[in-house]
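S.K.: One file: structure19.cif (mmCIF, C-alpha atoms).
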```cif
data_run
#
loop_
_atom_site.label_atom_id
_atom_site.label_comp_id
_atom_site.auth_asym_id
_atom_site.auth_seq_id
_atom_site.Cartn_x
_atom_site.Cartn_y
_atom_site.Cartn_z
CA MET A 20 -24.08 1.73 7.48
CA VAL A 21 -25.67 2.79 4.24
CA SER A 22 -29.23 1.53 4.02
CA GLY A 23 -31.77 1.36 1.25
CA LYS A 24 -31.14 0.90 -2.44
CA LEU A 25 -28.93 3.52 -4.02
CA ASP A 26 -29.38 4.07 -7.75
CA LYS A 27 -26.43 4.76 -10.02
CA ASN A 28 -27.02 8.50 -10.41
CA ARG A 29 -27.31 9.11 -6.68
CA MET A 30 -24.19 7.04 -6.15
CA ILE A 31 -22.20 9.13 -8.64
CA VAL A 32 -23.35 12.37 -7.00
CA THR A 33 -22.46 11.04 -3.55
CA VAL A 34 -19.04 9.87 -4.75
CA LEU A 35 -18.38 13.38 -6.05
CA ILE A 36 -19.40 14.84 -2.69
CA VAL A 37 -17.13 12.39 -0.82
CA THR A 38 -14.32 13.24 -3.24
CA ALA A 39 -14.77 16.95 -2.55
CA VAL A 40 -14.72 16.32 1.21
CA GLY A 41 -11.59 14.16 0.92
CA ILE A 42 -9.78 16.77 -1.18
CA PHE A 43 -10.80 19.51 1.27
CA LEU A 44 -9.37 17.48 4.18
CA ARG A 45 -6.09 17.15 2.31
CA TRP A 46 -6.11 20.82 1.33
CA THR A 47 -6.16 21.80 5.01
CA GLY A 48 -2.59 20.49 5.18
CA ILE A 49 -1.42 21.62 1.76
CA ARG A 50 1.04 24.17 3.21
CA PHE A 51 2.41 21.89 5.89
CA GLU A 52 6.08 21.12 5.34
CA GLY A 53 7.13 17.86 6.97
CA VAL A 54 10.70 16.82 7.64
CA ASP A 55 10.84 14.48 4.63
CA TYR A 56 9.55 17.24 2.38
CA ILE A 57 12.08 19.77 3.70
CA LYS A 58 15.11 17.46 3.74
CA SER A 59 14.39 15.25 0.73
CA LEU A 60 11.50 15.96 -1.61
CA LEU A 61 11.98 19.71 -1.95
CA PRO A 62 15.79 19.56 -2.51
CA TRP A 63 15.32 16.81 -5.09
CA TYR A 64 12.57 18.79 -6.82
CA GLU A 65 14.65 21.98 -6.83
CA GLY A 66 17.71 20.16 -8.17
CA LEU A 67 15.68 18.66 -11.01
CA ALA A 68 14.02 22.01 -11.75
CA GLU A 69 17.34 23.86 -11.76
CA ASN A 70 18.89 21.42 -14.21
CA GLY A 71 15.79 21.49 -16.36
CA THR A 72 16.67 18.42 -18.43
CA LEU A 73 16.67 14.66 -17.98
CA GLN A 74 20.34 14.93 -17.06
CA GLY A 75 19.16 16.06 -13.65
CA LEU A 76 18.09 12.46 -13.00
CA ALA A 77 21.71 11.32 -13.39
CA GLU A 78 22.73 13.78 -10.66
CA TYR A 79 20.13 12.49 -8.20
CA ASN A 80 21.65 10.81 -5.12
CA GLY A 81 18.67 10.28 -2.82
CA ASP A 82 17.09 7.11 -1.46
CA TYR A 83 13.84 6.93 -3.46
CA ASN A 84 13.47 4.72 -6.51
CA ILE A 85 14.43 6.45 -9.73
CA PRO A 86 10.96 6.02 -11.38
CA TYR A 87 9.40 8.09 -8.56
CA VAL A 88 12.13 10.70 -8.95
CA THR A 89 11.30 10.72 -12.67
CA LEU A 90 7.74 11.57 -11.66
CA LEU A 91 9.16 14.47 -9.61
CA TYR A 92 11.07 15.62 -12.70
CA PHE A 93 7.89 15.83 -14.77
CA LEU A 94 6.13 17.61 -11.89
CA THR A 95 8.73 20.39 -12.21
CA LYS A 96 7.23 21.13 -15.63
CA ILE A 97 3.82 21.90 -14.11
CA PRO A 98 3.37 25.62 -13.21
CA LEU A 99 2.48 25.00 -9.57
CA GLU A 100 4.31 25.42 -6.31
CA PRO A 101 6.44 22.38 -5.51
CA ILE A 102 4.49 21.52 -2.37
CA VAL A 103 1.18 21.65 -4.24
CA SER A 104 2.26 19.64 -7.28
CA ILE A 105 4.00 16.96 -5.18
CA LYS A 106 1.03 16.52 -2.86
CA MET A 107 -1.61 16.64 -5.59
CA SER A 108 0.20 13.92 -7.55
CA SER A 109 -0.20 11.66 -4.52
CA VAL A 110 -3.85 12.72 -4.19
CA PHE A 111 -4.40 11.56 -7.78
CA PHE A 112 -3.27 8.07 -6.75
CA ASP A 113 -5.45 8.34 -3.62
CA LEU A 114 -8.38 8.71 -5.99
CA LEU A 115 -7.24 5.79 -8.15
CA GLU A 116 -6.75 3.64 -5.05
CA ALA A 117 -10.24 4.46 -3.73
CA PHE A 118 -11.83 3.87 -7.14
CA LEU A 119 -10.15 0.46 -7.48
CA VAL A 120 -11.42 -0.57 -4.04
CA LEU A 121 -14.90 0.61 -5.06
CA MET A 122 -14.71 -1.65 -8.12
CA ILE A 123 -13.51 -4.64 -6.08
CA VAL A 124 -16.23 -4.23 -3.44
CA ARG A 125 -18.93 -3.82 -6.10
CA GLU A 126 -17.77 -7.15 -7.51
CA ILE A 127 -17.95 -8.73 -4.05
CA ALA A 128 -21.41 -7.39 -3.18
CA THR A 129 -24.72 -8.82 -4.32
CA GLU A 130 -26.50 -7.05 -7.17
CA ASN A 131 -28.90 -5.03 -5.00
CA ARG A 132 -26.12 -3.75 -2.70
CA LYS A 133 -23.32 -2.98 -5.16
CA ASN A 134 -23.77 0.79 -5.10
CA GLU A 135 -24.22 1.10 -1.33
CA TYR A 136 -21.20 -0.99 -0.40
CA GLY A 137 -19.09 0.42 -3.21
CA LEU A 138 -19.80 3.94 -1.98
CA LEU A 139 -19.04 2.99 1.62
CA ALA A 140 -15.74 1.38 0.60
CA TYR A 141 -14.77 4.43 -1.48
CA THR A 142 -15.50 6.71 1.48
CA LEU A 143 -13.54 4.57 3.94
CA VAL A 144 -10.48 4.60 1.66
CA PHE A 145 -10.47 8.17 0.36
CA CYS A 146 -11.38 9.76 3.70
CA ASN A 147 -9.22 7.43 5.79
CA PRO A 148 -7.22 9.69 8.15
CA VAL A 149 -4.03 7.73 7.38
CA ALA A 150 -4.45 8.45 3.65
CA VAL A 151 -5.26 12.12 4.31
CA ILE A 152 -2.14 12.56 6.47
CA ASN A 153 0.10 10.65 4.06
CA SER A 154 -0.65 12.69 0.95
CA GLY A 155 -2.23 15.92 2.21
CA TYR A 156 0.18 16.64 5.05
CA LEU A 157 3.36 14.61 4.60
CA ALA A 158 3.58 14.75 0.77
CA GLN A 159 4.28 11.02 0.79
CA CYS A 160 3.55 8.57 -2.01
CA GLU A 161 2.27 5.36 -0.40
CA SER A 162 -0.91 5.61 -2.45
CA VAL A 163 1.20 5.38 -5.62
CA TRP A 164 2.48 1.85 -5.01
CA VAL A 165 -0.72 0.71 -3.27
CA ALA A 166 -2.92 1.86 -6.16
CA LEU A 167 -0.65 0.08 -8.64
CA ALA A 168 -0.58 -3.06 -6.44
CA LEU A 169 -4.40 -3.11 -6.31
CA LEU A 170 -4.48 -2.59 -10.08
CA CYS A 171 -2.17 -5.61 -10.41
CA PHE A 172 -4.49 -7.70 -8.23
CA LEU A 173 -7.60 -6.66 -10.14
CA PHE A 174 -6.04 -7.35 -13.54
CA ILE A 175 -4.89 -10.82 -12.50
CA TRP A 176 -8.23 -11.60 -10.87
CA ARG A 177 -9.94 -10.67 -14.15
CA ASP A 178 -7.51 -12.86 -16.13
CA HIS A 179 -5.40 -10.09 -17.66
CA PRO A 180 -1.99 -11.33 -16.46
CA VAL A 181 0.17 -9.20 -18.77
CA TRP A 182 -1.42 -5.99 -17.53
CA GLY A 183 -1.28 -7.37 -14.01
CA MET A 184 2.45 -8.01 -14.17
CA LEU A 185 3.07 -4.63 -15.74
CA ALA A 186 1.18 -3.03 -12.85
CA PHE A 187 3.18 -5.10 -10.36
CA GLY A 188 6.42 -3.99 -11.98
CA ALA A 189 5.27 -0.37 -11.82
CA ALA A 190 4.34 -0.70 -8.12
CA PHE A 191 7.74 -2.18 -7.26
CA ALA A 192 9.49 0.39 -9.44
CA MET A 193 7.86 3.27 -7.57
CA LYS A 194 8.60 1.91 -4.08
CA PRO A 195 10.17 -1.37 -2.92
CA GLN A 196 7.09 -1.97 -0.74
CA GLY A 197 5.27 -2.90 -3.94
CA ILE A 198 6.77 -6.36 -3.34
CA PHE A 199 4.14 -6.81 -0.61
CA ILE A 200 1.60 -7.80 -3.28
CA LEU A 201 3.79 -10.72 -4.45
CA PRO A 202 2.37 -13.32 -1.98
CA MET A 203 -1.10 -12.58 -3.35
CA ILE A 204 0.11 -13.06 -6.93
CA ILE A 205 1.48 -16.47 -5.91
CA LEU A 206 -1.82 -17.44 -4.27
CA LEU A 207 -3.77 -16.39 -7.37
CA TYR A 208 -1.39 -18.35 -9.57
CA TYR A 209 -1.88 -21.48 -7.47
CA LYS A 210 -5.69 -21.30 -7.46
CA LYS A 211 -6.54 -19.82 -10.84
CA ARG A 212 -3.73 -21.18 -13.04
CA SER A 213 -4.98 -18.69 -15.62
CA PHE A 214 -1.54 -17.36 -16.41
CA SER A 215 1.95 -18.68 -17.02
CA ILE A 216 4.93 -18.23 -14.75
CA LEU A 217 6.58 -16.71 -17.83
CA HIS A 218 4.26 -13.71 -17.44
CA VAL A 219 6.60 -12.64 -14.64
CA MET A 220 8.99 -11.51 -17.38
CA TRP A 221 6.75 -8.47 -17.87
CA VAL A 222 7.74 -7.20 -14.42
CA PRO A 223 11.32 -6.18 -15.38
CA VAL A 224 9.94 -4.81 -18.66
CA ALA A 225 7.69 -2.41 -16.73
CA ILE A 226 10.55 -1.40 -14.43
CA GLN A 227 12.95 -0.78 -17.31
CA VAL A 228 10.39 1.23 -19.27
CA LEU A 229 9.89 3.52 -16.29
CA CYS A 230 13.68 3.96 -16.11
CA ILE A 231 13.98 5.05 -19.76
CA PRO A 232 13.89 8.82 -19.00
CA ALA A 233 16.68 8.40 -16.44
CA ILE A 234 18.74 6.30 -18.88
CA LEU A 235 18.24 8.94 -21.58
CA GLY A 236 19.45 11.49 -19.03
CA GLY A 237 22.73 9.67 -18.54
CA CYS A 238 22.00 7.00 -15.92
CA SER A 239 23.31 3.47 -16.48
CA VAL A 240 20.88 0.86 -17.79
CA ASP A 241 20.99 -0.90 -14.42
CA ILE A 242 20.17 2.26 -12.44
CA PHE A 243 17.16 0.63 -10.77
CA ILE A 244 19.24 -2.28 -9.42
CA LYS A 245 21.97 0.08 -8.22
CA ASN A 246 19.40 2.27 -6.50
CA LEU A 247 17.82 -0.77 -4.84
CA LYS A 248 21.16 -2.13 -3.59
CA MET A 249 22.00 1.25 -2.14
CA MET A 250 18.80 1.22 -0.05
CA MET A 251 19.19 -2.35 1.23
CA GLY A 252 20.90 -2.65 4.60
CA HIS A 253 20.93 1.12 4.91
CA TYR A 254 19.95 1.10 8.60
CA PRO A 255 22.22 -0.29 11.36
CA TYR A 256 19.35 -1.66 13.49
CA VAL A 257 16.41 -3.94 12.75
CA TYR A 258 13.92 -1.46 14.22
CA TYR A 259 13.08 1.67 12.29
CA TYR A 260 10.03 3.44 13.75
CA TYR A 261 7.17 1.12 12.75
CA PRO A 262 5.81 -0.47 15.97
CA ASN A 263 6.23 -4.20 15.35
CA ILE A 264 7.91 -7.21 16.98
CA TRP A 265 11.32 -5.52 16.76
CA THR A 266 10.16 -2.64 18.95
CA TYR A 267 11.10 -4.59 22.04
CA ILE A 268 14.73 -5.05 20.96
CA GLN A 269 15.24 -1.73 19.21
CA ASN A 270 19.04 -1.76 19.33
CA ALA A 271 19.44 -5.24 17.87
CA PRO A 272 21.99 -4.85 15.04
CA TYR A 273 20.83 -5.49 11.51
CA TYR A 274 23.89 -7.52 10.56
CA VAL A 275 22.94 -10.05 13.27
CA PHE A 276 19.12 -10.08 13.18
CA GLY A 277 18.30 -8.80 9.70
CA LYS A 278 18.38 -12.22 8.06
CA VAL A 279 16.44 -13.66 11.00
CA GLY A 280 13.58 -11.26 10.32
CA ILE A 281 13.58 -12.05 6.61
CA PHE A 282 13.61 -15.78 7.30
CA CYS A 283 10.75 -15.51 9.83
CA ALA A 284 8.59 -13.48 7.45
CA PHE A 285 9.25 -15.99 4.68
CA ALA A 286 8.43 -18.89 7.04
CA VAL A 287 5.11 -17.35 8.14
CA LEU A 288 4.05 -16.66 4.55
CA LEU A 289 5.10 -20.16 3.48
CA VAL A 290 3.07 -21.79 6.26
CA PHE A 291 0.06 -19.67 5.31
CA MET A 292 0.44 -20.70 1.67
CA LEU A 293 0.52 -24.35 2.73
CA PHE A 294 -2.72 -23.88 4.66
CA PHE A 295 -4.09 -22.16 1.56
CA ALA A 296 -3.05 -25.10 -0.64
CA TRP A 297 -4.56 -27.70 1.72
CA SER A 298 -7.81 -25.83 2.25
CA LYS A 299 -11.01 -27.27 0.84
CA LYS A 300 -12.70 -23.91 1.10
CA ARG A 301 -13.97 -22.26 -2.06
CA ILE A 302 -11.81 -19.14 -2.11
CA ILE A 303 -13.71 -16.10 -3.39
CA LEU A 304 -12.81 -12.48 -4.09
CA LYS A 305 -13.50 -11.14 -0.61
CA ASP A 306 -11.21 -13.82 0.87
CA TYR A 307 -8.33 -12.67 -1.32
CA PHE A 308 -9.04 -9.10 -0.24
CA GLU A 309 -8.61 -10.20 3.37
CA TYR A 310 -5.46 -12.17 2.55
CA ILE A 311 -3.87 -9.03 1.05
CA ILE A 312 -4.21 -7.42 4.49
CA PHE A 313 -2.74 -10.45 6.26
CA THR A 314 0.25 -10.87 3.95
CA THR A 315 0.99 -7.13 4.05
CA MET A 316 0.90 -7.08 7.84
CA THR A 317 3.10 -10.19 7.98
CA CYS A 318 5.79 -8.33 6.04
CA VAL A 319 5.52 -5.17 8.12
CA MET A 320 5.29 -6.87 11.50
CA VAL A 321 8.15 -9.32 10.96
CA LEU A 322 10.60 -7.86 8.44
CA PRO A 323 13.38 -5.59 9.77
CA CYS A 324 13.73 -1.85 9.11
CA MET A 325 10.04 -1.12 8.56
CA HIS A 326 9.14 2.57 8.34
CA GLU A 327 6.02 4.23 9.83
CA ARG A 328 4.30 4.26 6.46
CA TYR A 329 4.93 0.72 5.25
CA ASN A 330 1.69 -0.78 6.58
CA TYR A 331 -0.34 1.72 4.58
CA MET A 332 -2.08 -0.89 2.42
CA ALA A 333 -3.43 -2.80 5.42
CA GLU A 334 -4.40 0.42 7.18
CA VAL A 335 -6.61 1.58 4.32
CA LEU A 336 -8.02 -1.86 3.41
CA LEU A 337 -8.87 -3.31 6.84
CA PRO A 338 -11.70 -0.76 7.44
CA VAL A 339 -13.15 -1.86 4.10
CA CYS A 340 -12.90 -5.53 5.08
CA ALA A 341 -14.78 -4.61 8.26
CA ILE A 342 -17.83 -3.78 6.12
CA TRP A 343 -18.64 -7.48 5.84
CA LYS A 344 -16.79 -8.74 8.92
CA LYS A 345 -17.97 -7.00 12.06
CA LYS A 346 -15.21 -8.60 14.14
CA TYR A 347 -12.69 -6.48 12.23
CA ARG A 348 -14.29 -3.13 13.08
CA ILE A 349 -12.49 -2.55 16.37
CA PRO A 350 -9.16 -3.92 15.04
CA ALA A 351 -9.50 -1.63 12.00
CA LEU A 352 -10.11 1.36 14.26
CA VAL A 353 -7.14 0.42 16.46
CA LEU A 354 -4.85 -0.03 13.45
CA VAL A 355 -5.77 3.36 11.98
CA ILE A 356 -5.42 5.16 15.31
CA CYS A 357 -2.03 3.55 15.98
CA SER A 358 -0.82 4.62 12.54
CA MET A 359 -2.06 8.17 13.10
CA LEU A 360 -0.30 8.35 16.47
CA CYS A 361 2.91 6.92 15.03
CA ASN A 362 2.98 9.36 12.10
CA GLY A 363 1.65 12.25 14.18
CA GLN A 364 4.38 12.09 16.79
CA SER A 365 7.10 11.60 14.17
CA TYR A 366 6.08 14.35 11.74
CA LEU A 367 3.22 16.48 13.05
CA GLY A 368 4.40 17.37 16.54
CA TRP A 369 1.83 15.25 18.37
CA PRO A 370 2.50 14.11 21.96
CA TRP A 371 4.73 11.07 22.32
CA VAL A 372 3.06 7.67 22.74
CA ALA A 373 5.29 4.76 23.71
CA HIS A 374 6.05 2.60 20.70
CA GLU A 375 5.94 -0.46 22.96
CA PHE A 376 2.24 0.24 23.51
CA LEU A 377 1.59 0.87 19.81
CA ALA A 378 3.50 -2.31 18.93
CA ALA A 379 1.37 -4.34 21.36
CA CYS A 380 -1.81 -2.99 19.72
CA ASN A 381 -0.50 -3.76 16.23
CA ILE A 382 0.55 -7.28 17.25
CA VAL A 383 -2.90 -8.00 18.70
CA VAL A 384 -4.58 -6.75 15.50
CA TYR A 385 -2.22 -8.86 13.40
CA LEU A 386 -2.91 -11.99 15.45
CA ILE A 387 -6.69 -11.45 15.16
CA ILE A 388 -6.38 -11.27 11.38
CA ALA A 389 -3.97 -14.22 11.21
CA VAL A 390 -6.19 -16.48 13.33
CA ALA A 391 -9.29 -15.52 11.35
CA CYS A 392 -7.64 -16.20 7.99
CA VAL A 393 -6.15 -19.56 9.00
CA LYS A 394 -9.28 -20.69 10.85
CA GLU A 395 -11.46 -20.07 7.80
CA LEU A 396 -9.05 -21.96 5.59
CA LEU A 397 -9.18 -24.96 7.93
CA ASP A 398 -12.91 -24.85 8.64
CA LYS A 399 -15.45 -26.56 6.45
CA VAL A 400 -17.32 -23.59 5.08
CA HIS A 401 -20.94 -24.21 4.11
CA PRO A 402 -22.22 -22.78 0.82
CA GLY A 403 -23.33 -19.19 1.30
CA LYS A 404 -21.57 -18.70 4.64
CA GLU A 405 -19.69 -15.37 4.50
CA GLY A 406 -20.04 -15.70 0.75
CA THR A 407 -21.25 -12.31 -0.40
CA LEU A 408 -22.40 -8.99 0.94
CA CYS A 409 -26.14 -9.31 1.05
#
```
So that I can check it, write out the structure of this file as structure tokens.
M.R.:
Amino acid sequence: MVSGKLDKNRMIVTVLIVTAVGIFLRWTGIRFEGVDYIKSLLPWYEGLAENGTLQGLAEYNGDYNIPYVTLLYFLTKIPLEPIVSIKMSSVFFDLLEAFLVLMIVREIATENRKNEYGLLAYTLVFCNPVAVINSGYLAQCESVWVALALLCFLFIWRDHPVWGMLAFGAAFAMKPQGIFILPMIILLYYKKRSFSILHVMWVPVAIQVLCIPAILGGCSVDIFIKNLKMMMGHYPYVYYYYPNIWTYIQNAPYYVFGKVGIFCAFAVLLVFMLFFAWSKKRIILKDYFEYIIFTTMTCVMVLPCMHERYNYMAEVLLPVCAIWKKKYRIPALVLVICSMLCNGQSYLGWPWVAHEFLAACNIVVYLIIAVACVKELLDKVHPGKEGTLC
């Protein structure tokens, strides 16, 4: 734990040092070519580079959202090796993600601890092994949608709903998992009532704007919807590598159990929102931060066809939440280790660890978070209790 008062200049210097360390950790894997990079990202990149124009976007037939593929197209214009430019674009969003968490934690902390806790949060996010593996080794883009989702949350919290909805649209446009921030938007709407439901109309605006290059290249105006429909129901079974409740019935067919999973996730989130609505507790910023983790894990643990990377937001945020809640420190460590093992054995050649064991660990962590969130909503919380980071 960081102790003593940290002035602004020392904080900036330390943030730069942490940033350098985090970039170095990612650079150690800069030449690693994972299966997704070899089979998907590199062929897409090379196809776009070979065409050289926006028309290359119309020829794309992969399973990533077209706005992210548009980002790949613009990366082909940068004079760097494909593996470097693709990974460093994700590292940029790693930095944005860490900086946004720093801002949120500084707002949560008391005045005399803002710098210390902000620095600690920044370090926990940017140097999180899951984040390092995702961008530095696997060339994946989870930090893109998570950074945009956090930007959405921060804008809405600060009563800038238009910018918040634009950020939400951008997060969803980049990856469908951006939808995981939607429950938090609903909770903020219920409590703050500082924006209109009509602000949601900015979401499709953001999505369509990000599709403009593809449309100019020859794609239909509804390319995003077509791309999304193509990805839905793509897998025949409800289980797809992320250790969750479906791990124990891995061969359950999607056409039978898919809707069951969606209904169960919706039911859990609805019940939580009812507890939220009935609660007499004064909900503050750090509570919402914790609820983001819970709602994200609800989606990943209960919905069908969840990939190894889909719990990324909870995996990078739970260690930060553990700064002010000691009871989350072991669960945070377990969650990060389970994610590392899951990704490591799938992409990095690590020894196999039974997914049934990893699923059991994830379920226990999820239940700890769920019980804590619901219990606090139902308890009568005294003024000052768990209120700020002193």
S.K.: Between A:Phe93, A:Phe376, A:Tyr366, A:Tyr259, which has the minimum distance to A:Val54 (counting all atoms listed in the file)?
M.R.: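 With all atoms listed in the file as the atom set, the closest residue is A:Tyr366.
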S.K.: Please measure the separation of atom CA of A:Tyr258 and atom CA of A:Leu377, giving the value in Å to one decimal.
M.R.: 13.7 Å
S.K.: Residues picked by the PyMOL selection byres ((chain A and resi 132-135) around 12) here, as a PyMOL selection string?
M.R.: chain A and resi 20-34+121-131+136-142+342-343+407-409
S.K.: For a quick check of understanding, using all atoms listed in the file, which of A:Asn362, A:Met193, A:Phe291, A:Leu170 has the smallest distance to A:Val390?
M.R.: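 Using all atoms listed in the file, the shortest distance to A:Val390 belongs to A:Phe291.
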S.K.: Name the residues captured by the PyMOL selection byres ((chain A and resi 164) around 12) when it is applied to the shown file; answer as a compact mmCIF listing (two decimals) with C-alpha atoms, in the frame of the given file.
M.R.:
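Dumped to result-v7.txt:
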```
# COMPACT_ATOMS: atom_id res chain seq x y z
CA ASN A 84 13.47 4.72 -6.51
CA PRO A 86 10.96 6.02 -11.38
CA TYR A 87 9.40 8.09 -8.56
CA SER A 109 -0.20 11.66 -4.52
CA PHE A 112 -3.27 8.07 -6.75
CA ASP A 113 -5.45 8.34 -3.62
CA LEU A 115 -7.24 5.79 -8.15
CA GLU A 116 -6.75 3.64 -5.05
CA GLN A 159 4.28 11.02 0.79
CA CYS A 160 3.55 8.57 -2.01
CA GLU A 161 2.27 5.36 -0.40
CA SER A 162 -0.91 5.61 -2.45
CA VAL A 163 1.20 5.38 -5.62
CA VAL A 165 -0.72 0.71 -3.27
CA ALA A 166 -2.92 1.86 -6.16
CA LEU A 167 -0.65 0.08 -8.64
CA ALA A 168 -0.58 -3.06 -6.44
CA LEU A 169 -4.40 -3.11 -6.31
CA LEU A 170 -4.48 -2.59 -10.08
CA CYS A 171 -2.17 -5.61 -10.41
CA ALA A 186 1.18 -3.03 -12.85
CA PHE A 187 3.18 -5.10 -10.36
CA GLY A 188 6.42 -3.99 -11.98
CA ALA A 189 5.27 -0.37 -11.82
CA ALA A 190 4.34 -0.70 -8.12
CA PHE A 191 7.74 -2.18 -7.26
CA ALA A 192 9.49 0.39 -9.44
CA MET A 193 7.86 3.27 -7.57
CA LYS A 194 8.60 1.91 -4.08
CA PRO A 195 10.17 -1.37 -2.92
CA GLN A 196 7.09 -1.97 -0.74
CA GLY A 197 5.27 -2.90 -3.94
CA ILE A 198 6.77 -6.36 -3.34
CA PHE A 199 4.14 -6.81 -0.61
CA ILE A 200 1.60 -7.80 -3.28
CA ARG A 328 4.30 4.26 6.46
CA TYR A 329 4.93 0.72 5.25
CA ASN A 330 1.69 -0.78 6.58
CA TYR A 331 -0.34 1.72 4.58
CA MET A 332 -2.08 -0.89 2.42
```
